[in-house]
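Trainee: Dropping in coords14.cif, which is mmCIF, C-alpha atoms:
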```
data_work
#
loop_
_atom_site.label_atom_id
_atom_site.label_comp_id
_atom_site.auth_asym_id
_atom_site.auth_seq_id
_atom_site.Cartn_x
_atom_site.Cartn_y
_atom_site.Cartn_z
CA MET F 958 -28.02 30.18 108.81
CA SER F 959 -30.14 33.32 108.82
CA ALA F 960 -30.89 35.14 112.05
CA LEU F 961 -34.58 34.27 111.61
CA ALA F 962 -33.94 30.56 111.17
CA SER F 963 -31.59 30.48 114.15
CA ALA F 964 -34.30 32.03 116.34
CA LEU F 965 -36.61 29.07 115.71
CA PRO F 966 -36.55 25.75 117.59
CA ASP F 967 -35.29 22.60 115.91
CA PHE F 968 -37.84 21.11 113.54
CA PRO F 969 -39.32 18.50 115.88
CA TRP F 970 -39.83 15.70 113.38
CA ASP F 971 -36.12 15.65 112.56
CA LEU F 972 -35.49 14.59 116.16
CA LEU F 973 -37.66 11.52 115.66
CA GLU F 974 -35.48 10.01 112.91
CA PRO F 975 -33.53 7.57 115.17
CA ALA F 976 -36.77 6.10 116.53
CA LYS F 977 -38.19 5.95 113.02
CA THR F 978 -35.15 4.02 111.83
CA LYS F 979 -35.50 1.58 114.70
CA ALA F 980 -39.21 1.07 114.06
CA ALA F 981 -38.59 0.56 110.35
CA GLY F 982 -36.31 -2.36 111.20
CA HIS F 983 -39.18 -4.41 112.61
CA PRO F 984 -39.73 -7.62 110.58
CA GLY F 985 -43.37 -6.67 110.04
CA GLY F 986 -42.53 -3.16 108.92
CA ILE F 987 -43.15 0.16 110.59
CA VAL F 988 -46.54 1.29 111.87
CA ASP F 989 -46.19 5.05 111.71
CA LEU F 990 -48.61 6.64 114.16
CA SER F 991 -46.52 9.76 114.69
CA ILE F 992 -47.89 12.21 112.13
CA GLY F 993 -51.61 12.69 111.59
CA THR F 994 -51.48 12.49 107.81
CA PRO F 995 -54.57 10.98 106.16
CA VAL F 996 -54.13 7.64 104.38
CA ASP F 997 -57.65 7.02 103.05
CA PRO F 998 -58.75 8.01 99.53
CA VAL F 999 -59.87 11.50 98.61
CA PRO F 1000 -63.66 11.24 98.06
CA ALA F 1001 -64.60 10.85 94.41
CA LEU F 1002 -66.84 13.91 94.25
CA ILE F 1003 -63.94 16.10 95.40
CA ARG F 1004 -61.50 14.60 92.91
CA GLN F 1005 -64.06 15.15 90.17
CA ALA F 1006 -64.52 18.80 91.14
CA LEU F 1007 -60.75 19.28 91.05
CA ALA F 1008 -60.49 17.68 87.62
CA ASP F 1009 -63.40 19.64 86.21
CA ALA F 1010 -61.71 22.90 87.26
CA SER F 1011 -58.22 21.94 86.07
CA ASP F 1012 -58.37 24.16 82.96
CA ALA F 1013 -57.48 27.27 84.98
CA PRO F 1014 -55.06 29.46 83.00
CA GLY F 1015 -55.83 32.69 84.84
CA TYR F 1016 -54.89 33.90 88.30
CA PRO F 1017 -57.37 32.88 91.02
CA LEU F 1018 -58.85 35.28 93.55
CA THR F 1019 -57.04 35.56 96.88
CA ALA F 1020 -60.43 36.11 98.50
CA GLY F 1021 -61.80 32.97 96.89
CA THR F 1022 -64.55 32.79 94.30
CA PRO F 1023 -67.99 34.03 95.32
CA ALA F 1024 -69.14 30.39 95.28
CA LEU F 1025 -66.35 29.35 97.64
CA ARG F 1026 -66.99 32.24 100.02
CA ALA F 1027 -70.67 31.28 100.09
CA ALA F 1028 -69.75 27.62 100.72
CA ILE F 1029 -67.50 28.56 103.64
CA ALA F 1030 -70.12 30.88 105.15
CA GLY F 1031 -72.81 28.22 104.75
CA TRP F 1032 -70.65 25.58 106.40
CA LEU F 1033 -69.81 27.89 109.32
CA ALA F 1034 -73.53 28.52 109.81
CA ARG F 1035 -74.37 24.80 109.78
CA ALA F 1036 -71.38 23.20 111.49
CA CYS F 1037 -70.42 26.01 113.86
CA ASN F 1038 -73.91 27.36 114.65
CA ALA F 1039 -72.76 30.80 113.53
CA SER F 1040 -75.87 32.83 112.70
CA GLY F 1041 -74.09 36.13 112.08
CA GLU F 1042 -72.18 37.28 109.02
CA PRO F 1043 -68.51 36.40 109.55
CA GLY F 1044 -65.80 37.42 107.17
CA VAL F 1045 -64.32 34.37 105.40
CA LEU F 1046 -61.06 33.66 103.62
CA PRO F 1047 -59.56 30.53 102.02
CA THR F 1048 -56.00 29.65 103.06
CA ILE F 1049 -53.23 27.44 101.75
CA GLY F 1050 -53.93 24.76 104.31
CA SER F 1051 -53.92 25.79 107.96
CA LYS F 1052 -50.24 25.48 108.86
CA GLU F 1053 -49.12 28.46 106.77
CA LEU F 1054 -51.88 30.50 108.35
CA VAL F 1055 -50.92 29.48 111.88
CA ALA F 1056 -47.27 30.27 111.20
CA TRP F 1057 -47.84 33.68 109.61
CA LEU F 1058 -51.02 34.90 111.30
CA PRO F 1059 -49.33 36.91 114.10
CA THR F 1060 -47.17 38.68 111.50
CA LEU F 1061 -50.13 39.31 109.19
CA LEU F 1062 -52.14 40.73 112.10
CA GLY F 1063 -49.39 43.20 112.95
CA VAL F 1064 -47.86 41.50 115.99
CA ARG F 1065 -44.37 42.91 116.46
CA PRO F 1066 -41.29 42.61 118.72
CA GLY F 1067 -42.25 43.58 122.25
CA ASP F 1068 -45.73 42.10 121.89
CA VAL F 1069 -46.84 38.86 123.56
CA VAL F 1070 -48.55 35.89 121.93
CA VAL F 1071 -50.23 33.45 124.33
CA ILE F 1072 -50.42 29.77 123.40
CA PRO F 1073 -51.74 26.71 125.28
CA SER F 1074 -49.30 25.03 127.66
CA VAL F 1075 -49.44 21.86 125.54
CA CYS F 1076 -50.05 22.53 121.87
CA TYR F 1077 -49.22 22.31 118.19
CA PRO F 1078 -45.61 23.58 117.82
CA THR F 1079 -46.42 26.01 115.00
CA TYR F 1080 -48.25 28.35 117.39
CA GLU F 1081 -44.91 29.07 119.02
CA VAL F 1082 -43.16 29.32 115.65
CA GLY F 1083 -45.71 31.90 114.47
CA GLY F 1084 -45.04 34.10 117.47
CA LEU F 1085 -41.29 33.81 117.01
CA LEU F 1086 -41.52 34.64 113.30
CA ALA F 1087 -43.23 37.89 114.30
CA GLY F 1088 -40.46 38.59 116.82
CA ALA F 1089 -42.93 38.43 119.70
CA THR F 1090 -42.54 36.92 123.15
CA VAL F 1091 -44.42 33.61 123.40
CA VAL F 1092 -46.08 32.69 126.70
CA ARG F 1093 -47.57 29.28 127.44
CA SER F 1094 -50.64 29.44 129.66
CA ASP F 1095 -54.04 27.82 130.08
CA SER F 1096 -55.08 30.28 132.78
CA LEU F 1097 -56.31 33.79 132.11
CA THR F 1098 -55.70 34.69 135.74
CA ALA F 1099 -52.07 33.67 135.48
CA LEU F 1100 -51.55 36.11 132.61
CA GLY F 1101 -52.27 39.04 134.89
CA PRO F 1102 -52.59 42.63 133.62
CA ASP F 1103 -49.92 42.29 130.90
CA ARG F 1104 -50.86 44.91 128.31
CA ARG F 1105 -48.30 43.56 125.85
CA ILE F 1106 -50.59 40.65 124.95
CA LYS F 1107 -51.88 41.06 121.40
CA LEU F 1108 -53.05 37.58 120.45
CA ILE F 1109 -54.20 34.46 122.28
CA TRP F 1110 -54.47 31.03 120.67
CA ILE F 1111 -56.99 28.45 121.81
CA ASN F 1112 -57.32 24.98 120.31
CA SER F 1113 -60.40 22.83 120.78
CA PRO F 1114 -60.38 19.92 120.12
CA SER F 1115 -56.74 20.05 121.09
CA ASN F 1116 -53.84 18.73 119.11
CA PRO F 1117 -52.24 16.74 120.72
CA THR F 1118 -54.39 16.02 123.78
CA GLY F 1119 -57.89 15.75 122.29
CA LYS F 1120 -59.24 17.95 125.09
CA VAL F 1121 -62.42 19.90 124.33
CA LEU F 1122 -62.99 23.33 125.87
CA PRO F 1123 -66.50 23.88 127.29
CA VAL F 1124 -68.64 26.72 126.02
CA GLU F 1125 -68.32 28.56 129.35
CA HIS F 1126 -64.53 28.67 128.99
CA LEU F 1127 -64.77 29.91 125.41
CA ARG F 1128 -67.10 32.71 126.49
CA LYS F 1129 -64.70 33.66 129.28
CA VAL F 1130 -61.72 33.84 126.92
CA VAL F 1131 -63.61 36.00 124.41
CA SER F 1132 -64.85 38.35 127.13
CA TRP F 1133 -61.39 38.64 128.70
CA ALA F 1134 -59.78 39.36 125.33
CA ARG F 1135 -62.33 41.98 124.29
CA GLU F 1136 -61.84 43.89 127.53
CA ARG F 1137 -58.13 44.15 126.68
CA GLY F 1138 -58.22 44.55 122.90
CA VAL F 1139 -56.64 41.12 122.38
CA THR F 1140 -57.39 39.04 119.30
CA VAL F 1141 -58.64 35.49 119.98
CA VAL F 1142 -57.75 32.86 117.38
CA SER F 1143 -59.35 29.44 117.76
CA ASP F 1144 -57.83 26.49 115.89
CA GLU F 1145 -60.80 24.21 115.18
CA CYS F 1146 -59.33 21.83 112.60
CA TYR F 1147 -60.69 18.79 114.47
CA LEU F 1148 -64.16 20.18 115.13
CA SER F 1149 -65.86 17.43 113.09
CA LEU F 1150 -64.21 14.65 115.09
CA GLY F 1151 -65.85 14.69 118.50
CA TRP F 1152 -66.08 11.25 120.17
CA GLU F 1153 -67.09 11.54 123.80
CA THR F 1154 -68.36 15.11 123.61
CA ARG F 1155 -69.46 17.61 120.96
CA PRO F 1156 -66.86 20.31 120.36
CA VAL F 1157 -68.16 23.88 120.17
CA SER F 1158 -66.78 26.54 117.83
CA VAL F 1159 -65.76 29.93 119.14
CA LEU F 1160 -68.14 31.30 116.46
CA ASP F 1161 -71.08 29.44 117.98
CA ASP F 1162 -74.00 31.67 118.97
CA ALA F 1163 -73.64 30.31 122.50
CA VAL F 1164 -70.17 31.91 122.64
CA THR F 1165 -70.36 35.11 120.59
CA GLY F 1166 -74.07 35.59 119.88
CA GLY F 1167 -73.30 36.45 116.27
CA ASP F 1168 -70.81 39.19 117.17
CA TYR F 1169 -67.35 38.16 115.96
CA THR F 1170 -65.42 41.26 117.00
CA GLY F 1171 -61.82 40.33 117.76
CA VAL F 1172 -62.41 36.63 117.08
CA LEU F 1173 -61.13 34.33 114.31
CA ALA F 1174 -61.65 30.58 113.80
CA VAL F 1175 -59.22 28.49 111.74
CA HIS F 1176 -60.46 25.41 109.89
CA SER F 1177 -58.99 22.77 107.61
CA LEU F 1178 -60.27 20.17 105.16
CA SER F 1179 -57.15 18.02 105.64
CA LYS F 1180 -58.66 15.80 108.32
CA ARG F 1181 -62.40 15.80 107.68
CA SER F 1182 -62.08 15.30 103.91
CA ASN F 1183 -58.61 13.71 103.51
CA LEU F 1184 -57.34 16.80 101.69
CA ALA F 1185 -53.96 17.29 103.36
CA GLY F 1186 -52.33 17.04 99.94
CA TYR F 1187 -54.59 19.75 98.52
CA ARG F 1188 -53.60 22.38 101.13
CA ALA F 1189 -57.17 23.52 101.65
CA GLY F 1190 -58.03 25.58 104.71
CA PHE F 1191 -60.06 28.63 105.61
CA LEU F 1192 -60.85 31.04 108.40
CA GLY F 1193 -63.92 32.92 109.52
CA GLY F 1194 -64.70 35.62 112.03
CA ASP F 1195 -64.30 39.35 112.57
CA PRO F 1196 -64.98 40.94 109.14
CA ALA F 1197 -62.57 43.80 109.84
CA LEU F 1198 -59.73 41.44 110.75
CA VAL F 1199 -60.47 39.26 107.71
CA ALA F 1200 -60.45 42.32 105.43
CA GLY F 1201 -57.04 43.30 106.78
CA LEU F 1202 -55.69 39.80 106.28
CA LEU F 1203 -57.01 39.75 102.73
CA ALA F 1204 -55.30 43.04 101.92
CA VAL F 1205 -51.93 41.73 103.13
CA ARG F 1206 -52.34 38.31 101.52
CA LYS F 1207 -53.08 39.94 98.15
CA HIS F 1208 -49.71 41.67 98.29
CA ALA F 1209 -47.94 38.51 99.46
CA GLY F 1210 -49.46 36.23 96.82
CA MET F 1211 -51.00 33.85 99.37
CA ILE F 1212 -53.53 32.39 96.94
CA VAL F 1213 -55.35 29.04 96.96
CA PRO F 1214 -55.17 27.51 93.43
CA ALA F 1215 -58.40 27.69 91.44
CA PRO F 1216 -58.87 23.90 91.08
CA VAL F 1217 -58.43 23.52 94.85
CA GLN F 1218 -61.03 26.23 95.44
CA ALA F 1219 -63.48 24.22 93.32
CA ALA F 1220 -62.63 21.06 95.28
CA MET F 1221 -63.26 22.91 98.54
CA ILE F 1222 -66.75 23.87 97.41
CA ALA F 1223 -67.54 20.21 96.76
CA ALA F 1224 -66.08 19.13 100.11
CA LEU F 1225 -67.96 21.75 102.11
CA GLY F 1226 -71.25 20.89 100.43
CA ASP F 1227 -71.21 17.20 101.33
CA GLU F 1228 -71.27 15.61 104.80
CA THR F 1229 -71.74 12.00 103.72
CA HIS F 1230 -68.03 11.50 103.07
CA VAL F 1231 -67.25 13.08 106.44
CA GLU F 1232 -69.49 10.58 108.24
CA HIS F 1233 -67.87 7.68 106.40
CA GLN F 1234 -64.43 8.90 107.43
CA ARG F 1235 -65.57 9.34 111.03
CA GLU F 1236 -66.67 5.69 111.05
CA ARG F 1237 -63.22 4.60 109.88
CA TYR F 1238 -61.49 6.62 112.57
CA ALA F 1239 -63.92 5.48 115.26
CA ALA F 1240 -63.13 1.83 114.54
CA ARG F 1241 -59.38 2.46 114.54
CA ARG F 1242 -59.68 4.46 117.74
CA ASP F 1243 -61.51 1.63 119.51
CA THR F 1244 -58.88 -0.90 118.40
CA LEU F 1245 -55.92 1.21 119.51
CA ARG F 1246 -57.46 2.41 122.75
CA THR F 1247 -58.25 -1.14 123.83
CA ALA F 1248 -54.77 -2.38 122.90
CA LEU F 1249 -53.01 0.48 124.64
CA GLY F 1250 -55.05 -0.04 127.81
CA LYS F 1251 -54.15 -3.72 127.90
CA ALA F 1252 -50.49 -2.79 127.38
CA GLY F 1253 -50.48 -0.62 130.51
CA PHE F 1254 -51.04 2.81 129.03
CA GLU F 1255 -53.32 5.42 130.54
CA ILE F 1256 -55.26 7.52 128.05
CA ASP F 1257 -55.84 11.15 129.08
CA PHE F 1258 -58.43 13.46 127.50
CA SER F 1259 -58.64 12.18 123.88
CA GLU F 1260 -62.36 12.98 123.78
CA ALA F 1261 -62.09 14.34 120.23
CA GLY F 1262 -59.65 14.58 117.35
CA LEU F 1263 -57.35 12.14 115.61
CA TYR F 1264 -55.03 11.15 118.44
CA LEU F 1265 -54.79 9.21 121.67
CA TRP F 1266 -52.86 11.04 124.39
CA ALA F 1267 -51.14 8.20 126.21
CA THR F 1268 -48.73 7.78 129.11
CA ARG F 1269 -46.96 5.08 131.06
CA GLY F 1270 -45.71 7.51 133.70
CA GLU F 1271 -42.20 7.64 132.26
CA ASP F 1272 -40.16 10.03 130.12
CA CYS F 1273 -41.81 10.32 126.72
CA TRP F 1274 -38.63 9.46 124.83
CA GLN F 1275 -38.38 6.22 126.80
CA THR F 1276 -41.93 5.41 125.72
CA VAL F 1277 -41.14 6.31 122.12
CA ASP F 1278 -38.11 4.01 122.18
CA GLY F 1279 -40.09 1.13 123.69
CA LEU F 1280 -42.77 1.43 121.02
CA ALA F 1281 -40.15 1.70 118.29
CA GLU F 1282 -38.78 -1.67 119.37
CA LYS F 1283 -42.22 -3.05 118.49
CA GLY F 1284 -42.11 -1.28 115.12
CA ILE F 1285 -44.57 1.44 116.24
CA LEU F 1286 -43.66 5.10 115.86
CA ALA F 1287 -45.35 7.65 118.14
CA ALA F 1288 -44.76 11.36 118.69
CA PRO F 1289 -43.15 12.35 122.00
CA GLY F 1290 -45.07 14.77 124.17
CA ALA F 1291 -41.95 16.93 124.40
CA PHE F 1292 -42.77 18.18 120.90
CA TYR F 1293 -45.83 19.93 122.32
CA GLY F 1294 -44.45 21.63 125.41
CA PRO F 1295 -42.50 20.99 128.64
CA ALA F 1296 -45.70 20.03 130.48
CA ALA F 1297 -46.12 17.01 128.21
CA ALA F 1298 -42.85 15.26 129.02
CA GLN F 1299 -44.49 11.97 130.07
CA HIS F 1300 -46.98 11.55 127.23
CA VAL F 1301 -46.92 10.36 123.65
CA ARG F 1302 -49.33 11.24 120.86
CA ILE F 1303 -50.61 8.24 118.93
CA ALA F 1304 -52.39 8.98 115.65
CA LEU F 1305 -55.40 7.15 114.24
CA THR F 1306 -54.25 7.91 110.71
CA ALA F 1307 -53.04 4.53 109.48
CA THR F 1308 -54.72 1.86 107.41
CA ASP F 1309 -56.89 -0.75 109.08
CA GLU F 1310 -54.16 -3.33 108.42
CA ARG F 1311 -51.48 -1.20 110.11
CA ILE F 1312 -53.75 -0.40 113.06
CA ALA F 1313 -54.39 -4.13 113.51
CA ALA F 1314 -50.66 -4.78 113.34
CA ALA F 1315 -50.00 -2.20 116.05
CA ALA F 1316 -52.66 -3.74 118.29
CA SER F 1317 -51.16 -7.20 117.79
CA ARG F 1318 -47.68 -5.98 118.69
CA LEU F 1319 -48.91 -4.16 121.79
CA ALA F 1320 -50.47 -7.41 122.96
#
```
What does the file become when written as structure tokens?

Mentor:
Amino acid sequence: MSALASALPDFPWDLLEPAKTKAAGHPGGIVDLSIGTPVDPVPALIRQALADASDAPGYPLTAGTPALRAAIAGWLARACNASGEPGVLPTIGSKELVAWLPTLLGVRPGDVVVIPSVCYPTYEVGGLLAGATVVRSDSLTALGPDRRIKLIWINSPSNPTGKVLPVEHLRKVVSWARERGVTVVSDECYLSLGWETRPVSVLDDAVTGGDYTGVLAVHSLSKRSNLAGYRAGFLGGDPALVAGLLAVRKHAGMIVPAPVQAAMIAALGDETHVEHQRERYAARRDTLRTALGKAGFEIDFSEAGLYLWATRGEDCWQTVDGLAEKGILAAPGAFYGPAAAQHVRIALTATDERIAAAASRLA
């Protein structure tokens, strides 16, 4: 094993295999609510755009076509209330960006990357790939005057908790980071899926006033448009940072395929399919939330996103095992940080039939 691979934590999903095997043995089959992978069809207009662009013998642009860049900028203006002129860049989904962003931004050994105390595991992996020290913290005060900090991740709506950060907190983070020359990166992949509150982008005029210095926002079409299989993501923000990322990504060959770029334009130009998908998830959310409550679970946060953050006040692996006995697979909170040891993440991404089966078994 290489020194780099040995420096990384175990791949979390491999640790879930015993529970998955147990759940798969249920007579009614497994209900896999562990990974938030879309199961509903890719909208027809997006598939058509992909097909129409499939005759693509030449190399695509790393920066994206002018039409795609305009589509991303237009969407950021509409959906994120960003009235300025952010730099934009398509990415090969969002996970590769999260994993490599610290390295691409020049974070090096001796630097510090700050991540939320409970968060998507790839934030930590990205810091470790760069050789940086990774610090978990939700408090700016707790970070103190550490001048080694080069990058701070925020995630709203949160994966896994579904917590939404208020605009006042976003402003505070941006102000704090600018005073120290720290880059703020906001993962906003679930921005379109607010339930009990409306999530606000870090690019919103209420946060940055059209000045994106030192700020980047990461977005994905995986959840809002069912395009996880397309690997279609993008970022927007500080034009200087985006220009630097583009220069490095050109050298590294980090290029979104041309047909996928065309599909992204179609997806970003249509909100009807997003509303239809929201309705599906809202119904599944109501079904699962009611069933979990009746089964003795407490639901924390979960005001946005594709997950219910649930607890029975016991070790998360005990909860995972108990659900697996019912043929339901959930993700243990331990995957997301030590502070989440008594929670499980339950995804809404299963068919209506499987969601109904889970509710029946919980009852």

Trainee: Can you pull out every residue within 10 Å of Ala1215 of chain F, counting only C-alpha atoms, but drop anything in the same chain fewer than 4 positions away, and send it as a list in words?

Mentor: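 Counting only C-alpha atoms, the residues come to Leu1007, Ala1010, Ser1011, Asp1012, Ala1013, Pro1014, Gly1015, Tyr1016, Pro1017, Leu1018, Thr1019, Gly1021, Thr1022, Ala1219, Ala1220 and Met1221 of chain F.
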
Trainee: Find the residues around segment 966-980 of chain F up to 7 Å (all atoms listed in the file counted), leave out those fewer than 2 positions away in its own chain, and share them as a list of chain:residue names.

Mentor: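 Listed by chain and then number, they are F:Ala964, F:Gly982, F:His983, F:Ile987, F:Asp1278, F:Ala1281, F:Glu1282, F:Lys1283, F:Gly1284, F:Ile1285, F:Leu1286, F:Phe1292.
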
Trainee: Between atom CA of Cys1037 of chain F and atom CA of Leu1025 of chain F, measure the distance and give it in Å to one decimal.

Mentor: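 Taking atom CA of Cys1037 of chain F and atom CA of Leu1025 of chain F, their separation equals 17.1 Å.
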
Trainee: Which residues would end up in the selection if the PyMOL selection byres ((chain F and resi 1299) around 7) were applied here, given that I need the answer as a PyMOL selection string?

Mentor: chain F and resi 1268+1270-1273+1290+1297-1298+1300

Trainee: Near segment 1240-1243 of chain F, counting all atoms listed in the file, which residues have an atom at most 9 Å away, once you skip same-chain residues fewer than 6 positions from it, shown as a list in words?

Mentor: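 Contacts, in chain order: Leu1263, Tyr1264, Leu1265, Ala1304, Leu1305, Thr1306, Ala1307, Thr1308, Asp1309, Ile1312 and Ala1313 of chain F.
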
Trainee: Name the residues within 10 Å of (-52.9, 39.8, 111.3), counting only C-alpha atoms in the file's coordinates, and put them as a PDB file with C-alpha atoms, in the frame of the given file.

Mentor:
```pdb
ATOM      1  CA  LEU F1054     -51.880  30.500 108.350  1.00  0.00           C
ATOM      2  CA  TRP F1057     -47.840  33.680 109.610  1.00  0.00           C
ATOM      3  CA  LEU F1058     -51.020  34.900 111.300  1.00  0.00           C
ATOM      4  CA  PRO F1059     -49.330  36.910 114.100  1.00  0.00           C
ATOM      5  CA  THR F1060     -47.170  38.680 111.500  1.00  0.00           C
ATOM      6  CA  LEU F1061     -50.130  39.310 109.190  1.00  0.00           C
ATOM      7  CA  LEU F1062     -52.140  40.730 112.100  1.00  0.00           C
ATOM      8  CA  GLY F1063     -49.390  43.200 112.950  1.00  0.00           C
ATOM      9  CA  VAL F1064     -47.860  41.500 115.990  1.00  0.00           C
ATOM     10  CA  LEU F1108     -53.050  37.580 120.450  1.00  0.00           C
ATOM     11  CA  THR F1140     -57.390  39.040 119.300  1.00  0.00           C
ATOM     12  CA  LEU F1198     -59.730  41.440 110.750  1.00  0.00           C
ATOM     13  CA  VAL F1199     -60.470  39.260 107.710  1.00  0.00           C
ATOM     14  CA  ALA F1200     -60.450  42.320 105.430  1.00  0.00           C
ATOM     15  CA  GLY F1201     -57.040  43.300 106.780  1.00  0.00           C
ATOM     16  CA  LEU F1202     -55.690  39.800 106.280  1.00  0.00           C
ATOM     17  CA  LEU F1203     -57.010  39.750 102.730  1.00  0.00           C
ATOM     18  CA  VAL F1205     -51.930  41.730 103.130  1.00  0.00           C
ATOM     19  CA  ARG F1206     -52.340  38.310 101.520  1.00  0.00           C
TER      20      ARG F1206
END
```

Trainee: Could you check the closest approach to Leu1160 of chain F for each of F:Arg1035, F:Arg1004, F:Lys1207, F:Lys1052 and tell me which residue wins, using only C-alpha atoms?

Mentor: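 So, comparing all the options, the nearest one is F:Arg1035.
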
Trainee: Asp1227 of chain F: which residues within 12 Å, counting only C-alpha atoms, same-chain residues fewer than 5 positions away excluded, as a ChimeraX atom specification?

Mentor: /F:1000-1003,1028,1031-1032,1035-1036,1178,1181-1182,1220-1222,1232-1233

Trainee: Wanna dump the segment 1274-1305 of chain F-segment 1092-1102 of chain F contacts at 12 Å for me, each residue with its shortest atom pair and the distance in Å to one decimal, counting only C-alpha atoms, ordered by chain and number, as JSON lines?

Mentor:
```
{"residue": "F:Tyr1293", "atom": "CA", "partner": "F:Arg1093", "partner_atom": "CA", "distance": 10.8}
{"residue": "F:Gly1294", "atom": "CA", "partner": "F:Arg1093", "partner_atom": "CA", "distance": 8.5}
{"residue": "F:Pro1295", "atom": "CA", "partner": "F:Arg1093", "partner_atom": "CA", "distance": 9.8}
{"residue": "F:Ala1296", "atom": "CA", "partner": "F:Arg1093", "partner_atom": "CA", "distance": 9.9}
```

Trainee: Interatomic distance between atom CA of Tyr1169 of chain F and atom CA of Asp1195 of chain F?

Mentor: 4.7 Å

Trainee: Using the chain letters and residue numbers of this document, give as JSON, numbers by chain the residues selected by the PyMOL selection byres ((chain F and resi 1319) around 10).

Mentor: {"F": [1245, 1248, 1249, 1250, 1251, 1252, 1253, 1280, 1283, 1284, 1285, 1313, 1314, 1315, 1316, 1317, 1318, 1320]}

Trainee: For Glu1153 of chain F, which of F:Glu1310, F:Asp1009, F:Glu1260, F:Asp989 is the closest residue, counting only C-alpha atoms?

Mentor: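 Residue with the minimum atom-to-atom distance to Glu1153 of chain F: F:Glu1260.
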
Trainee: Quick one: residues within 9 Å of Ser1149 of chain F, all atoms listed in the file, excluding same-chain residues fewer than 3 positions away - as a PyMOL selection string?

Mentor: chain F and resi 1036+1145-1146+1155-1156+1180-1181+1231+1235+1261-1262

Trainee: One decimal, Å: what's the distance from atom CA of Val1217 of chain F over to atom CA of Pro1023 of chain F, could you say?

Mentor: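 Taking atom CA of Val1217 of chain F as the start and atom CA of Pro1023 of chain F as the end point, the length is 14.2 Å.
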
Trainee: Is there a way to complete segment 1241-1252 of chain F with N, CA, C and O atoms and then write that out as a short mmCIF file (atom, residue, chain, number, x, y, z; two decimals), keeping the file's coordinate frame?

Mentor:
```
data_model
loop_
_atom_site.label_atom_id
_atom_site.label_comp_id
_atom_site.auth_asym_id
_atom_site.auth_seq_id
_atom_site.Cartn_x
_atom_site.Cartn_y
_atom_site.Cartn_z
N ARG F 1241 -60.82 2.51 114.26
CA ARG F 1241 -59.38 2.46 114.54
C ARG F 1241 -59.10 2.93 115.97
O ARG F 1241 -58.24 2.38 116.66
N ARG F 1242 -59.84 3.94 116.39
CA ARG F 1242 -59.68 4.46 117.74
C ARG F 1242 -60.02 3.39 118.77
O ARG F 1242 -59.29 3.21 119.77
N ASP F 1243 -61.11 2.68 118.58
CA ASP F 1243 -61.51 1.63 119.51
C ASP F 1243 -60.44 0.55 119.59
O ASP F 1243 -60.09 0.08 120.68
N THR F 1244 -59.91 0.15 118.44
CA THR F 1244 -58.88 -0.90 118.40
C THR F 1244 -57.64 -0.47 119.15
O THR F 1244 -57.11 -1.22 120.00
N LEU F 1245 -57.15 0.74 118.87
CA LEU F 1245 -55.92 1.21 119.51
C LEU F 1245 -56.11 1.49 120.99
O LEU F 1245 -55.26 1.14 121.81
N ARG F 1246 -57.24 2.08 121.34
CA ARG F 1246 -57.46 2.41 122.75
C ARG F 1246 -57.51 1.14 123.60
O ARG F 1246 -56.93 1.09 124.69
N THR F 1247 -58.18 0.13 123.10
CA THR F 1247 -58.25 -1.14 123.83
C THR F 1247 -56.87 -1.76 123.97
O THR F 1247 -56.47 -2.21 125.06
N ALA F 1248 -56.10 -1.77 122.88
CA ALA F 1248 -54.77 -2.38 122.90
C ALA F 1248 -53.83 -1.62 123.82
O ALA F 1248 -53.05 -2.23 124.57
N LEU F 1249 -53.88 -0.31 123.78
CA LEU F 1249 -53.01 0.48 124.64
C LEU F 1249 -53.35 0.28 126.11
O LEU F 1249 -52.46 0.18 126.97
N GLY F 1250 -54.63 0.19 126.43
CA GLY F 1250 -55.05 -0.04 127.81
C GLY F 1250 -54.53 -1.37 128.32
O GLY F 1250 -54.02 -1.47 129.45
N LYS F 1251 -54.63 -2.40 127.50
CA LYS F 1251 -54.15 -3.72 127.90
C LYS F 1251 -52.63 -3.75 128.05
O LYS F 1251 -52.08 -4.57 128.80
N ALA F 1252 -51.95 -2.84 127.33
CA ALA F 1252 -50.49 -2.79 127.38
C ALA F 1252 -49.98 -1.89 128.51
O ALA F 1252 -48.78 -1.64 128.62
#
```
